[in-house]
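Student: Please read through the structure below; I'll follow up with questions.
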Amino acid sequence: MRINVMSWNMAGAKMLEHLDPPTDPVAKSYISAYRHVWLKGITPYLSSPRKIHPDIILLQECIGFTDTSIDPSGRWGKGQSILSEIFQGYKCYFFPAVTSHENPHPAKWLKYQQGGDVENFIPPYINIQQGYGICIKEGIQPRTLWIASKCWEETFNDADKPDRDATLCFEPISITTGLYQGDRDTEPRKAILGRVLLSSGSEKRYVNFLNVHLNTLKGEREGSIRLNRTAGQSRLVQIDLLLNNVVSAYQEARTYRVPVRGDNRKEDIWIIGGDFNATPDSEEISLIKRMGFVDGHEKSEQKEIEDQNSDSPYHGKVGTKWSLKSRSAPPIALDYIFCGLERVAFPAGKLNTHDSKKPFRPLFPREEFESDHAVLFASFGI
């Protein structure tokens with residue numbers, strides 16, 4: 001069986017500075033730019049030398065809007081509809097993490113509203129949302145995290161069916177607490193837990209996945225040991241929560257979930273992917289590996305950026321993230337896709353990652369929408 005996963009930090013907040021004027025949908029140009037990248041950049045890259053489509057796409061920093069006015073205009077696209085227009089061939093889901101109505105600190109939102117820094121401002125009745133996206137390939141359906149009965153033996157044939165509206169197939173989990181102060185250091189972070197059933201011939205395996213975007217602090221990796229350690233410790237707390245209170249908690253659950261063993265079932269496979277804001281030699285990444293997760297880009301040559309513009313200074317350099325303000329700065333690796341649990345879901349040393357792709361830096365038709373993160377694609381043969 002092979003599990004194909006893509007992860008990408010879309011850096012979607014830049015859309016808020018370049019909204020389309022009335023009467024067009026506000027995200028018209030943004031959707032057009034990203035759809036072009038998906039169809040003309042990412043899809044051809046994944047299709048060479050042979051066609052591969054991700055089963056699951058994990059997205060960070062996605063944008064959506066909710067019109068709370070009495071008479072909504074239809075101009076303000078919801079996060080799910082924006083993603084669906086970009087990633088054709090996928091069923092898309094959107095999970096807000098920080099919003100202008102629930103986290104209203106003016107330092108985050110004032111520049112996008114009337115009197116701020118943008119020409120096409122966002123009215124106060126619009127709830128601006130930034131969060132996470134999950135896209136599942138058509139033909140694969142999300143499965144419920146929990147079944148309806150303790151006595152699964154009595155109802156097993158009906159217990160584990162796809163949930164049509166997916167309300168029971170995902171759980172957003174807060175991995176930060178505290179007051180949001182409008183800056184990156186205090187931004188709310190979540191992990192989105194989901195579940196699918198993949199088939200390959202006669203074999204079926206459950207895959208539980210976590211879409212994450214861990215903390216980062218302003219000024220990190222700029223020479224301050226104290227700040228670097230503080231940032232790393234905050235991420236270790238988040239990783240501990242994910243490993244102990246999500247992965248382990250679900251593994252150890254004995255009721256209301258499809259049993260670990262029975263009906264020739266094998267152990268669930270776990271995927272953790274996203275923007276970890278941690279370098280490969282960090283304590284954070286080391287902890288994840290020690291707990292039985294294998295990096296989809298473990299080999300050094302798999303971490304070299306494949307740039308759609310072969311003349312780019314980033315082409316061939318190791319990394320997944322670069323600076324849009326300082327183009328001369330070298331890229332660094334902050335994004336990962338891990339598969340586990342080794343020795344539980346698959347034998348030690350037997351996970352095949354040969355079909356994983358190098359980080360891909362696509363060309364954007366409009367530079368103002370460019371992401372500062374590479375597209376990451378991992379393929380796990382089990």
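We label chains A, B, ... in the order they appear in the structure tokens, count residues from 1 in each chain, and number ligands from 1 in the order shown.
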I'd like a table as CSV: residues in region 280-316 of chain A with an atom no more than 7 Å from region 351-358 of chain A, each row giving the shortest atom pair and its distance in Å to one decimal, only C-alpha atoms counted, sorted by chain and rising residue number.
Tutor:
residue,atom,partner,partner_atom,distance
A:Gly296,CA,A:Thr353,CA,5.8
A:His297,CA,A:Ser356,CA,6.8
A:Gln302,CA,A:Lys358,CA,4.9
A:Lys303,CA,A:Lys358,CA,5.6
A:Glu304,CA,A:Lys358,CA,5.9
A:Ile305,CA,A:Lys358,CA,5.9
A:Glu306,CA,A:Lys358,CA,6.1
Student: Using only C-alpha atoms, please write the residues we just selected to a file, as a PDB file, in the first residue's frame.
Tutor:
ATOM      1  CA  GLY A 296       9.136  11.373   4.330  1.00  0.00           C
ATOM      2  CA  HIS A 297      12.269  13.248   3.217  1.00  0.00           C
ATOM      3  CA  GLN A 302      15.148  14.653  -0.949  1.00  0.00           C
ATOM      4  CA  LYS A 303      15.393  18.004   0.866  1.00  0.00           C
ATOM      5  CA  GLU A 304      16.839  19.999  -2.060  1.00  0.00           C
ATOM      6  CA  ILE A 305      14.435  22.535  -3.557  1.00  0.00           C
ATOM      7  CA  GLU A 306      13.190  21.883  -7.082  1.00  0.00           C
TER       8      GLU A 306
END
Student: At most 10 Å is the cut-off: for each residue in region 26-122 of chain A with any atom that close to an atom of region 212-234 of chain A, write down the nearest atom pair and the distance in Å rounded to one decimal, counting only C-alpha atoms, chain first then increasing number, as a tab-separated table.
Tutor:
residue	atom	partner	partner_atom	distance
A:Leu58	CA	A:Val212	CA	8.4
A:Leu59	CA	A:Val212	CA	8.8
A:Gln60	CA	A:His213	CA	6.7
A:Glu61	CA	A:His213	CA	8.6
Student: Store the residues picked out above, limited to C-alpha atoms, as a short mmCIF file (atom, residue, chain, number, x, y, z; two decimals), in the first residue's frame.
Tutor:
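File out10.cif, as written:
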data_model
loop_
_atom_site.label_atom_id
_atom_site.label_comp_id
_atom_site.auth_asym_id
_atom_site.auth_seq_id
_atom_site.Cartn_x
_atom_site.Cartn_y
_atom_site.Cartn_z
CA LEU A 58 -2.65 19.43 4.39
CA LEU A 59 -2.71 23.23 4.10
CA GLN A 60 -1.71 25.98 6.51
CA GLU A 61 -2.44 29.73 6.50
#
Student: As an exercise, work out the distance from CA of Asp281 (chain A) to CA of Pro330 (chain A) in Å and give it to one decimal place.
Tutor: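 Distance reported for this atom pair: 16.7 Å.
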Student: Check the smallest atom-to-atom distance from each of A:Leu83, A:Cys339, A:Leu16, A:Ala33 to Lys289 (chain A) using only C-alpha atoms, then report the winner.
Tutor: A:Cys339
Student: Region 120-129 of chain A: which residues within 6 Å, counting only C-alpha atoms, same-chain residues fewer than 6 positions away excluded, as JSON, numbers by chain?
Tutor: {"A": [63, 64, 65, 66, 67, 68, 69, 96, 99, 100, 101, 112, 113, 114]}
Student: Selected residues, N, CA and C atoms, written as a JSON list (two decimals), in the first residue's frame, please.
Tutor:
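Full text of part.json as output:
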[["chain", "number", "residue", "atom", "x", "y", "z"],
["A", 63, "ILE", "N", -7.22, 31.23, 3.96],
["A", 63, "ILE", "CA", -8.06, 32.38, 4.28],
["A", 63, "ILE", "C", -9.50, 32.13, 3.84],
["A", 64, "GLY", "N", -10.44, 32.63, 4.66],
["A", 64, "GLY", "CA", -11.85, 32.57, 4.30],
["A", 64, "GLY", "C", -12.59, 33.73, 4.96],
["A", 65, "PHE", "N", -13.84, 33.91, 4.57],
["A", 65, "PHE", "CA", -14.66, 35.00, 5.09],
["A", 65, "PHE", "C", -16.06, 34.48, 5.41],
["A", 66, "THR", "N", -16.67, 35.08, 6.43],
["A", 66, "THR", "CA", -18.08, 34.83, 6.71],
["A", 66, "THR", "C", -18.80, 36.17, 6.75],
["A", 67, "ASP", "N", -19.81, 36.31, 5.91],
["A", 67, "ASP", "CA", -20.60, 37.54, 5.84],
["A", 67, "ASP", "C", -21.72, 37.45, 6.88],
["A", 68, "THR", "N", -21.63, 38.25, 7.93],
["A", 68, "THR", "CA", -22.62, 38.20, 9.01],
["A", 68, "THR", "C", -23.72, 39.25, 8.85],
["A", 69, "SER", "N", -23.75, 39.92, 7.72],
["A", 69, "SER", "CA", -24.77, 40.96, 7.51],
["A", 69, "SER", "C", -26.15, 40.35, 7.31],
["A", 96, "PRO", "N", -10.99, 27.40, 10.67],
["A", 96, "PRO", "CA", -10.39, 28.66, 11.12],
["A", 96, "PRO", "C", -9.68, 28.51, 12.46],
["A", 99, "THR", "N", -9.64, 34.56, 13.99],
["A", 99, "THR", "CA", -10.63, 35.30, 13.21],
["A", 99, "THR", "C", -10.81, 36.70, 13.77],
["A", 100, "SER", "N", -11.29, 37.60, 12.92],
["A", 100, "SER", "CA", -11.43, 39.01, 13.33],
["A", 100, "SER", "C", -12.53, 39.21, 14.35],
["A", 101, "HIS", "N", -13.50, 38.30, 14.42],
["A", 101, "HIS", "CA", -14.59, 38.45, 15.38],
["A", 101, "HIS", "C", -14.30, 37.73, 16.70],
["A", 112, "TYR", "N", -6.53, 46.04, 7.45],
["A", 112, "TYR", "CA", -7.36, 45.55, 6.35],
["A", 112, "TYR", "C", -8.74, 46.19, 6.35],
["A", 113, "GLN", "N", -9.03, 47.00, 7.34],
["A", 113, "GLN", "CA", -10.37, 47.58, 7.47],
["A", 113, "GLN", "C", -10.36, 49.05, 7.07],
["A", 114, "GLN", "N", -11.50, 49.67, 7.10],
["A", 114, "GLN", "CA", -11.63, 51.05, 6.63],
["A", 114, "GLN", "C", -10.69, 51.97, 7.42]]
Student: Name the residues in contact with Pro54 (chain A) at a cut-off of 9 Å, using only C-alpha atoms, excluding same-chain residues fewer than 5 positions from it; report them as a list in words.
Tutor: Ile3, Asn4, Val5, Met6, Leu46, Ile136, Lys137, Phe377, Ala378 and Ser379 of chain A
Student: Near Leu324 (chain A), counting only C-alpha atoms, which residues have an atom at most 9 Å away, once you skip same-chain residues fewer than 5 positions from it, shown as a PyMOL selection string?
Tutor: chain A and resi 370-372
Student: Could you tell me how far CA of Met291 (chain A) lies from CA of Gln251 (chain A), in Å and to one decimal?
Tutor: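 Going from CA of Met291 (chain A) over to CA of Gln251 (chain A) covers 13.5 Å.
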Student: In region 214-310 of chain A, what's alpha helix (DSSP H) per DSSP? Answer as number ranges by chain?
Tutor: A: 225-242, 248-252, 283-290
Student: Kindly give the distance, in Å, that separates CA of Gln80 (chain A) and CA of Tyr206 (chain A), rounded to a single decimal.
Tutor: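 About the pair CA of Gln80 (chain A) and CA of Tyr206 (chain A): they are 24.4 Å apart.
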Student: Compare A:Ile285, A:Gly178, A:Ser84, A:Glu119 by their minimum atom-to-atom distance to Pro21 (chain A), counting only C-alpha atoms, and give me the closest one.
Tutor: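 When distances to Pro21 (chain A) are compared using only C-alpha atoms, the smallest one comes from A:Glu119.
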Student: Output as JSON, numbers by chain all residues of region 21-223 of chain A that backbone DSSP marks as strand (DSSP E).
Tutor: {"A": [56, 57, 58, 59, 60, 61, 62, 63, 64, 65, 66, 67, 90, 91, 92, 93, 94, 95, 96, 97, 98, 99, 126, 127, 128, 129, 130, 131, 132, 133, 134, 135, 136, 137, 170, 171, 172, 173, 174, 190, 191, 192, 193, 194, 195, 196, 197, 198, 199, 200, 203, 204, 205, 206, 207, 208, 209, 210, 211, 212, 213]}
Student: Write out as number ranges by chain each polymer residue whose atoms come within 12 Å of Trp38 (chain A), counting only C-alpha atoms; drop sequence neighbours fewer than 4 positions from it.
Tutor: A: 8, 10, 31-34, 42-47, 53, 83-90, 360-365, 375
